[in-house]
file run-v6.cif (mmCIF, C-alpha atoms)
data_my_file
#
loop_
_atom_site.group_PDB
_atom_site.id
_atom_site.type_symbol
_atom_site.label_atom_id
_atom_site.label_comp_id
_atom_site.auth_asym_id
_atom_site.auth_seq_id
_atom_site.Cartn_x
_atom_site.Cartn_y
_atom_site.Cartn_z
ATOM 1 C CA MET Z 231 51.058 -44.226 -24.540
ATOM 2 C CA THR Z 232 49.247 -42.687 -27.519
ATOM 3 C CA ARG Z 233 45.782 -41.416 -26.720
ATOM 4 C CA LEU Z 234 42.879 -42.648 -28.800
ATOM 5 C CA ARG Z 235 40.779 -40.030 -30.556
ATOM 6 C CA CYS Z 236 37.027 -39.889 -30.101
ATOM 7 C CA ALA Z 237 34.451 -37.581 -31.664
ATOM 8 C CA VAL Z 238 30.861 -37.143 -30.528
ATOM 9 C CA LEU Z 239 28.804 -36.294 -33.614
ATOM 10 C CA ASP Z 240 25.674 -34.190 -33.996
ATOM 11 C CA ASP Z 241 25.525 -33.112 -30.370
ATOM 12 C CA TYR Z 242 23.584 -30.004 -31.410
ATOM 13 C CA GLN Z 243 22.266 -29.505 -27.874
ATOM 14 C CA ASP Z 244 25.814 -29.743 -26.480
ATOM 15 C CA ALA Z 245 24.404 -32.213 -23.959
ATOM 16 C CA ALA Z 246 26.723 -35.223 -24.296
ATOM 17 C CA ARG Z 247 29.529 -33.432 -22.465
ATOM 18 C CA SER Z 248 27.451 -33.428 -19.272
ATOM 19 C CA LEU Z 249 25.863 -36.874 -19.665
ATOM 20 C CA ALA Z 250 28.965 -39.022 -19.246
ATOM 21 C CA ASP Z 251 32.092 -39.062 -17.114
ATOM 22 C CA TRP Z 252 34.445 -37.966 -19.922
ATOM 23 C CA PRO Z 253 37.272 -36.807 -17.594
ATOM 24 C CA ARG Z 254 37.588 -40.387 -16.364
ATOM 25 C CA ILE Z 255 38.998 -41.472 -19.747
ATOM 26 C CA ASP Z 256 40.884 -38.256 -20.503
ATOM 27 C CA SER Z 257 44.320 -39.779 -19.930
ATOM 28 C CA ARG Z 258 43.627 -42.408 -22.619
ATOM 29 C CA VAL Z 259 41.111 -40.757 -24.954
ATOM 30 C CA GLU Z 260 41.073 -37.298 -26.513
ATOM 31 C CA THR Z 261 37.395 -36.434 -26.958
ATOM 32 C CA ARG Z 262 35.925 -33.681 -29.085
ATOM 33 C CA PHE Z 263 32.279 -32.706 -29.391
ATOM 34 C CA LEU Z 264 30.864 -31.655 -32.750
ATOM 35 C CA THR Z 265 27.677 -29.663 -32.350
ATOM 36 C CA ALA Z 266 27.145 -28.879 -36.047
ATOM 37 C CA HIS Z 267 25.749 -31.532 -38.381
ATOM 38 C CA LEU Z 268 28.195 -32.615 -41.059
ATOM 39 C CA ALA Z 269 25.875 -33.105 -44.024
ATOM 40 C CA SER Z 270 28.244 -34.695 -46.531
ATOM 41 C CA HIS Z 271 30.408 -37.772 -46.227
ATOM 42 C CA ASP Z 272 33.387 -35.688 -47.361
ATOM 43 C CA ALA Z 273 32.874 -33.221 -44.494
ATOM 44 C CA LEU Z 274 32.454 -36.051 -42.023
ATOM 45 C CA VAL Z 275 35.607 -37.862 -43.164
ATOM 46 C CA ASP Z 276 37.591 -34.608 -43.039
ATOM 47 C CA ALA Z 277 36.384 -33.910 -39.493
ATOM 48 C CA VAL Z 278 36.758 -37.362 -37.917
ATOM 49 C CA GLY Z 279 39.017 -39.368 -40.207
ATOM 50 C CA ASP Z 280 41.686 -39.454 -37.508
ATOM 51 C CA CYS Z 281 39.349 -40.999 -34.899
ATOM 52 C CA GLU Z 282 39.303 -44.564 -33.638
ATOM 53 C CA ILE Z 283 36.051 -43.994 -31.732
ATOM 54 C CA LEU Z 284 32.852 -42.248 -32.801
ATOM 55 C CA VAL Z 285 29.741 -41.585 -30.760
ATOM 56 C CA VAL Z 286 26.610 -40.919 -32.795
ATOM 57 C CA MET Z 287 23.311 -39.492 -31.623
ATOM 58 C CA ARG Z 288 20.705 -41.981 -32.779
ATOM 59 C CA GLU Z 289 19.913 -41.668 -36.504
ATOM 60 C CA ARG Z 290 21.260 -38.139 -36.994
ATOM 61 C CA THR Z 291 24.309 -39.385 -38.921
ATOM 62 C CA PRO Z 292 23.718 -42.482 -41.064
ATOM 63 C CA PHE Z 293 26.644 -44.862 -41.498
ATOM 64 C CA PRO Z 294 26.343 -46.769 -44.789
ATOM 65 C CA ALA Z 295 29.023 -49.179 -46.045
ATOM 66 C CA GLU Z 296 30.702 -46.440 -48.099
ATOM 67 C CA LEU Z 297 31.380 -44.393 -44.995
ATOM 68 C CA PHE Z 298 32.992 -47.270 -43.081
ATOM 69 C CA ALA Z 299 35.305 -47.805 -46.065
ATOM 70 C CA ARG Z 300 36.423 -44.159 -45.848
ATOM 71 C CA LEU Z 301 37.195 -44.297 -42.109
ATOM 72 C CA PRO Z 302 39.958 -46.945 -41.851
ATOM 73 C CA ARG Z 303 41.041 -45.883 -38.334
ATOM 74 C CA LEU Z 304 37.539 -46.387 -36.882
ATOM 75 C CA ARG Z 305 37.380 -49.302 -34.415
ATOM 76 C CA LEU Z 306 34.436 -48.481 -32.123
ATOM 77 C CA LEU Z 307 31.089 -46.899 -33.032
ATOM 78 C CA ILE Z 308 28.780 -46.074 -30.137
ATOM 79 C CA THR Z 309 25.180 -45.035 -30.666
ATOM 80 C CA SER Z 310 22.958 -43.395 -28.085
ATOM 81 C CA GLY Z 311 20.320 -46.030 -27.421
ATOM 82 C CA MET Z 312 20.529 -49.717 -28.225
ATOM 83 C CA ARG Z 313 19.042 -49.599 -31.725
ATOM 84 C CA ASN Z 314 20.054 -47.498 -34.690
ATOM 85 C CA ALA Z 315 18.516 -48.359 -38.054
ATOM 86 C CA SER Z 316 20.889 -46.021 -39.909
ATOM 87 C CA LEU Z 317 24.025 -48.075 -39.206
ATOM 88 C CA ASP Z 318 25.134 -50.716 -41.696
ATOM 89 C CA LEU Z 319 26.087 -53.371 -39.146
ATOM 90 C CA ALA Z 320 27.313 -55.854 -41.762
ATOM 91 C CA ALA Z 321 29.674 -53.229 -43.198
ATOM 92 C CA ALA Z 322 30.885 -52.369 -39.692
ATOM 93 C CA ALA Z 323 31.702 -56.029 -39.067
ATOM 94 C CA ARG Z 324 33.510 -56.329 -42.428
ATOM 95 C CA HIS Z 325 35.666 -53.325 -41.490
ATOM 96 C CA GLY Z 326 36.418 -54.600 -37.990
ATOM 97 C CA VAL Z 327 34.337 -51.928 -36.250
ATOM 98 C CA THR Z 328 32.636 -52.869 -33.007
ATOM 99 C CA VAL Z 329 29.185 -51.288 -32.683
ATOM 100 C CA CYS Z 330 27.503 -50.859 -29.332
ATOM 101 C CA GLY Z 331 24.810 -48.711 -27.781
ATOM 102 C CA THR Z 332 24.075 -46.971 -24.544
ATOM 103 C CA ALA Z 333 21.269 -47.846 -22.174
ATOM 104 C CA SER Z 334 18.143 -45.759 -22.433
ATOM 105 C CA ASN Z 335 14.745 -45.549 -20.819
ATOM 106 C CA SER Z 336 11.485 -46.196 -22.636
ATOM 107 C CA GLU Z 337 9.519 -43.719 -20.513
ATOM 108 C CA PRO Z 338 10.580 -40.486 -22.292
ATOM 109 C CA PRO Z 339 9.303 -41.564 -25.753
ATOM 110 C CA ALA Z 340 5.984 -42.650 -24.218
ATOM 111 C CA GLU Z 341 5.686 -39.328 -22.371
ATOM 112 C CA LEU Z 342 6.559 -37.360 -25.506
ATOM 113 C CA THR Z 343 3.957 -39.339 -27.452
ATOM 114 C CA TRP Z 344 1.288 -38.254 -24.975
ATOM 115 C CA ALA Z 345 2.559 -34.676 -25.070
ATOM 116 C CA LEU Z 346 2.162 -34.671 -28.856
ATOM 117 C CA ILE Z 347 -1.308 -36.225 -28.653
ATOM 118 C CA LEU Z 348 -2.433 -33.640 -26.104
ATOM 119 C CA GLY Z 349 -0.811 -30.822 -28.077
ATOM 120 C CA LEU Z 350 -2.709 -31.824 -31.207
ATOM 121 C CA ALA Z 351 -6.008 -32.449 -29.418
ATOM 122 C CA ARG Z 352 -5.888 -29.105 -27.607
ATOM 123 C CA HIS Z 353 -4.256 -27.030 -30.396
ATOM 124 C CA ILE Z 354 -1.499 -25.965 -28.018
ATOM 125 C CA VAL Z 355 1.025 -24.851 -30.640
ATOM 126 C CA PRO Z 356 -1.279 -22.629 -32.721
ATOM 127 C CA GLU Z 357 -2.872 -21.124 -29.597
ATOM 128 C CA ASN Z 358 0.541 -20.466 -28.043
ATOM 129 C CA ASN Z 359 1.814 -18.894 -31.265
ATOM 130 C CA ALA Z 360 -1.253 -16.668 -31.490
ATOM 131 C CA LEU Z 361 -0.897 -15.585 -27.857
ATOM 132 C CA ARG Z 362 2.796 -14.725 -28.265
ATOM 133 C CA SER Z 363 2.250 -12.784 -31.487
ATOM 134 C CA ASP Z 364 -0.575 -10.705 -30.022
ATOM 135 C CA GLY Z 365 -2.877 -12.292 -32.562
ATOM 136 C CA PRO Z 366 -6.313 -13.606 -31.850
ATOM 137 C CA TRP Z 367 -6.071 -16.547 -29.527
ATOM 138 C CA GLN Z 368 -8.552 -18.936 -27.977
ATOM 139 C CA ARG Z 369 -9.913 -19.385 -31.496
ATOM 140 C CA THR Z 370 -9.993 -23.172 -31.421
ATOM 141 C CA ILE Z 371 -11.845 -25.683 -29.319
ATOM 142 C CA GLY Z 372 -9.830 -28.617 -28.142
ATOM 143 C CA ALA Z 373 -11.032 -32.186 -28.378
ATOM 144 C CA ASP Z 374 -11.806 -34.113 -25.213
ATOM 145 C CA LEU Z 375 -9.801 -37.300 -24.880
ATOM 146 C CA HIS Z 376 -11.844 -38.886 -22.100
ATOM 147 C CA GLY Z 377 -13.820 -41.800 -23.469
ATOM 148 C CA ARG Z 378 -12.051 -41.744 -26.850
ATOM 149 C CA ARG Z 379 -10.161 -44.658 -28.388
ATOM 150 C CA LEU Z 380 -6.558 -44.512 -29.481
ATOM 151 C CA GLY Z 381 -5.283 -46.885 -32.157
ATOM 152 C CA LEU Z 382 -1.654 -47.896 -31.750
ATOM 153 C CA LEU Z 383 0.533 -49.673 -34.266
ATOM 154 C CA GLY Z 384 3.389 -51.682 -32.855
ATOM 155 C CA LEU Z 385 2.880 -52.555 -29.233
ATOM 156 C CA GLY Z 386 6.521 -53.145 -28.424
ATOM 157 C CA ARG Z 387 8.091 -52.031 -25.174
ATOM 158 C CA ILE Z 388 7.434 -48.326 -25.818
ATOM 159 C CA GLY Z 389 4.002 -48.826 -27.371
ATOM 160 C CA GLN Z 390 2.901 -50.725 -24.273
ATOM 161 C CA LYS Z 391 3.892 -47.784 -22.110
ATOM 162 C CA VAL Z 392 1.882 -45.413 -24.313
ATOM 163 C CA ALA Z 393 -1.125 -47.710 -23.995
#

call {"tool": "encode", "arguments": {"input": "run-v6.cif", "output": "structure tokens"}}
result
Amino acid sequence: MTRLRCAVLDDYQDAARSLADWPRIDSRVETRFLTAHLASHDALVDAVGDCEILVVMRERTPFPAELFARLPRLRLLITSGMRNASLDLAAAARHGVTVCGTASNSEPPAELTWALILGLARHIVPENNALRSDGPWQRTIGADLHGRRLGLLGLGRIGQKVA
């Protein structure tokens, strides 16, 4: 039996290898992990043109109609997370490519949102940079968040968790 070929794109943290049970499919699927971003469509087609399966990391690699046309072997496109605005789903369907996503939690984006809010309010990045470069630090005064109002746009599933 011929093994299918799969490439995991834009895994610049080299994390995907440890986040799934890849050995379980090894007898049927040859998987390779690409940690460098392939900026041009030509480079991408050269690197993965032989693959039937591609795994993309969210919106790091857009897939417009032109790209589907240049990857005739592609049959399955998997995106980390259930939504990916950079995939042309109509073009995928026209080319016979099934698109699916992986399950994800909504807690991490909400937590990261609060980390960014706190970082900005308390000037964490500039103070940390100053401390590490032996420059003057403790030069800013952070803003208190207690009693303040936060305006949120888009109270979907993640926005509700932030609120």

call {"tool": "closest_residue", "arguments": {"input": "run-v6.cif", "among": "Z:Glu289, Z:Glu282, Z:Asp240, Z:Asp272", "to": "Ala315 of chain Z", "atoms": "all atoms listed in the file"}}
result
Z:Glu289

call {"tool": "resolve_selection", "arguments": {"input": "run-v6.cif", "expression": "the PyMOL selection byres ((chain Z and resi 275) around 12)", "output": "list in words"}}
result
Ala237, Leu239, Leu268, Ala269, Ser270, His271, Asp272, Ala273, Leu274, Asp276, Ala277, Val278, Gly279, Asp280, Cys281, Leu284, Phe293, Glu296, Leu297, Phe298, Ala299, Arg300, Leu301, Pro302, Arg303 and Leu304 of chain Z

call {"tool": "write_last_selection", "arguments": {"input": "run-v6.cif", "atoms": "C-alpha atoms", "output": "CSV table (one decimal), in the coordinates of the input"}}
result
chain,number,residue,atom,x,y,z
Z,237,ALA,CA,34.5,-37.6,-31.7
Z,239,LEU,CA,28.8,-36.3,-33.6
Z,268,LEU,CA,28.2,-32.6,-41.1
Z,269,ALA,CA,25.9,-33.1,-44.0
Z,270,SER,CA,28.2,-34.7,-46.5
Z,271,HIS,CA,30.4,-37.8,-46.2
Z,272,ASP,CA,33.4,-35.7,-47.4
Z,273,ALA,CA,32.9,-33.2,-44.5
Z,274,LEU,CA,32.5,-36.1,-42.0
Z,276,ASP,CA,37.6,-34.6,-43.0
Z,277,ALA,CA,36.4,-33.9,-39.5
Z,278,VAL,CA,36.8,-37.4,-37.9
Z,279,GLY,CA,39.0,-39.4,-40.2
Z,280,ASP,CA,41.7,-39.5,-37.5
Z,281,CYS,CA,39.3,-41.0,-34.9
Z,284,LEU,CA,32.9,-42.2,-32.8
Z,293,PHE,CA,26.6,-44.9,-41.5
Z,296,GLU,CA,30.7,-46.4,-48.1
Z,297,LEU,CA,31.4,-44.4,-45.0
Z,298,PHE,CA,33.0,-47.3,-43.1
Z,299,ALA,CA,35.3,-47.8,-46.1
Z,300,ARG,CA,36.4,-44.2,-45.8
Z,301,LEU,CA,37.2,-44.3,-42.1
Z,302,PRO,CA,40.0,-46.9,-41.9
Z,303,ARG,CA,41.0,-45.9,-38.3
Z,304,LEU,CA,37.5,-46.4,-36.9

call {"tool": "atom_distance", "arguments": {"input": "run-v6.cif", "atom1": "atom CA of Leu382 of chain Z", "atom2": "atom CA of Arg352 of chain Z"}}
result
19.7 Å

call {"tool": "closest_residue", "arguments": {"input": "run-v6.cif", "among": "Z:Cys236, Z:Leu317, Z:Ala245, Z:Val392", "to": "Pro292 of chain Z", "atoms": "only C-alpha atoms"}}
result
Z:Leu317

call {"tool": "closest_residue", "arguments": {"input": "run-v6.cif", "among": "Z:Pro356, Z:Pro253, Z:Gly389, Z:Pro294", "to": "Leu342 of chain Z", "atoms": "all atoms listed in the file"}}
result
Z:Gly389

call {"tool": "closest_residue", "arguments": {"input": "run-v6.cif", "among": "Z:Asn359, Z:Ser310, Z:Gln368, Z:Thr232", "to": "Glu260 of chain Z", "atoms": "only C-alpha atoms"}}
result
Z:Thr232

call {"tool": "atom_distance", "arguments": {"input": "run-v6.cif", "atom1": "atom CA of Asn314 of chain Z", "atom2": "atom CA of Asp244 of chain Z"}}
result
20.4 Å

call {"tool": "resolve_selection", "arguments": {"input": "run-v6.cif", "expression": "the PyMOL selection byres ((chain Z and resi 319) around 12)", "output": "PyMOL selection string"}}
result
chain Z and resi 292-295+297-298+306-309+313-318+320-330

call {"tool": "atom_distance", "arguments": {"input": "run-v6.cif", "atom1": "atom CA of Gly331 of chain Z", "atom2": "atom CA of Gly311 of chain Z"}}
result
5.2 Å

call {"tool": "closest_residue", "arguments": {"input": "run-v6.cif", "among": "Z:His353, Z:Arg379, Z:Arg262, Z:Arg305", "to": "Asp241 of chain Z", "atoms": "all atoms listed in the file"}}
result
Z:Arg262

call {"tool": "residues_around", "arguments": {"input": "run-v6.cif", "residues": "Ala340 of chain Z", "least_positions_apart": "3", "cutoff": "9 Å", "atoms": "all atoms listed in the file", "output": "VMD selection string"}}
result
chain Z and resid 336 to 337 343 to 345 388 to 393

call {"tool": "closest_residue", "arguments": {"input": "run-v6.cif", "among": "Z:Asn335, Z:Arg233, Z:Leu249, Z:Ala351", "to": "Ala373 of chain Z", "atoms": "all atoms listed in the file"}}
result
Z:Ala351

call {"tool": "build_atoms", "arguments": {"input": "run-v6.cif", "residues": "segment 272-284 of chain Z", "atoms": "N, CA and C atoms", "output": "PDB file, in the frame of the given file"}}
result
ATOM      1  N   ASP Z 272      32.070 -36.325 -47.275  1.00  0.00           N
ATOM      2  CA  ASP Z 272      33.387 -35.688 -47.361  1.00  0.00           C
ATOM      3  C   ASP Z 272      33.671 -34.852 -46.116  1.00  0.00           C
ATOM      4  N   ALA Z 273      32.692 -34.057 -45.691  1.00  0.00           N
ATOM      5  CA  ALA Z 273      32.874 -33.221 -44.494  1.00  0.00           C
ATOM      6  C   ALA Z 273      33.072 -34.079 -43.258  1.00  0.00           C
ATOM      7  N   LEU Z 274      32.334 -35.163 -43.176  1.00  0.00           N
ATOM      8  CA  LEU Z 274      32.454 -36.051 -42.023  1.00  0.00           C
ATOM      9  C   LEU Z 274      33.835 -36.710 -41.982  1.00  0.00           C
ATOM     10  N   VAL Z 275      34.281 -37.217 -43.106  1.00  0.00           N
ATOM     11  CA  VAL Z 275      35.607 -37.862 -43.164  1.00  0.00           C
ATOM     12  C   VAL Z 275      36.704 -36.858 -42.839  1.00  0.00           C
ATOM     13  N   ASP Z 276      36.598 -35.650 -43.345  1.00  0.00           N
ATOM     14  CA  ASP Z 276      37.591 -34.608 -43.039  1.00  0.00           C
ATOM     15  C   ASP Z 276      37.628 -34.304 -41.546  1.00  0.00           C
ATOM     16  N   ALA Z 277      36.462 -34.292 -40.910  1.00  0.00           N
ATOM     17  CA  ALA Z 277      36.384 -33.910 -39.493  1.00  0.00           C
ATOM     18  C   ALA Z 277      36.807 -35.015 -38.537  1.00  0.00           C
ATOM     19  N   VAL Z 278      36.530 -36.280 -38.886  1.00  0.00           N
ATOM     20  CA  VAL Z 278      36.758 -37.362 -37.917  1.00  0.00           C
ATOM     21  C   VAL Z 278      37.591 -38.512 -38.472  1.00  0.00           C
ATOM     22  N   GLY Z 279      38.227 -38.306 -39.595  1.00  0.00           N
ATOM     23  CA  GLY Z 279      39.017 -39.368 -40.207  1.00  0.00           C
ATOM     24  C   GLY Z 279      40.164 -39.858 -39.354  1.00  0.00           C
ATOM     25  N   ASP Z 280      40.579 -39.066 -38.384  1.00  0.00           N
ATOM     26  CA  ASP Z 280      41.686 -39.454 -37.508  1.00  0.00           C
ATOM     27  C   ASP Z 280      41.207 -40.203 -36.261  1.00  0.00           C
ATOM     28  N   CYS Z 281      39.905 -40.418 -36.129  1.00  0.00           N
ATOM     29  CA  CYS Z 281      39.349 -40.999 -34.899  1.00  0.00           C
ATOM     30  C   CYS Z 281      39.231 -42.517 -34.955  1.00  0.00           C
ATOM     31  N   GLU Z 282      39.515 -43.132 -33.809  1.00  0.00           N
ATOM     32  CA  GLU Z 282      39.303 -44.564 -33.638  1.00  0.00           C
ATOM     33  C   GLU Z 282      37.925 -44.851 -33.056  1.00  0.00           C
ATOM     34  N   ILE Z 283      37.335 -43.843 -32.415  1.00  0.00           N
ATOM     35  CA  ILE Z 283      36.051 -43.994 -31.732  1.00  0.00           C
ATOM     36  C   ILE Z 283      35.116 -42.874 -32.176  1.00  0.00           C
ATOM     37  N   LEU Z 284      33.880 -43.242 -32.502  1.00  0.00           N
ATOM     38  CA  LEU Z 284      32.852 -42.248 -32.801  1.00  0.00           C
ATOM     39  C   LEU Z 284      31.622 -42.543 -31.958  1.00  0.00           C
TER      40      LEU Z 284
END
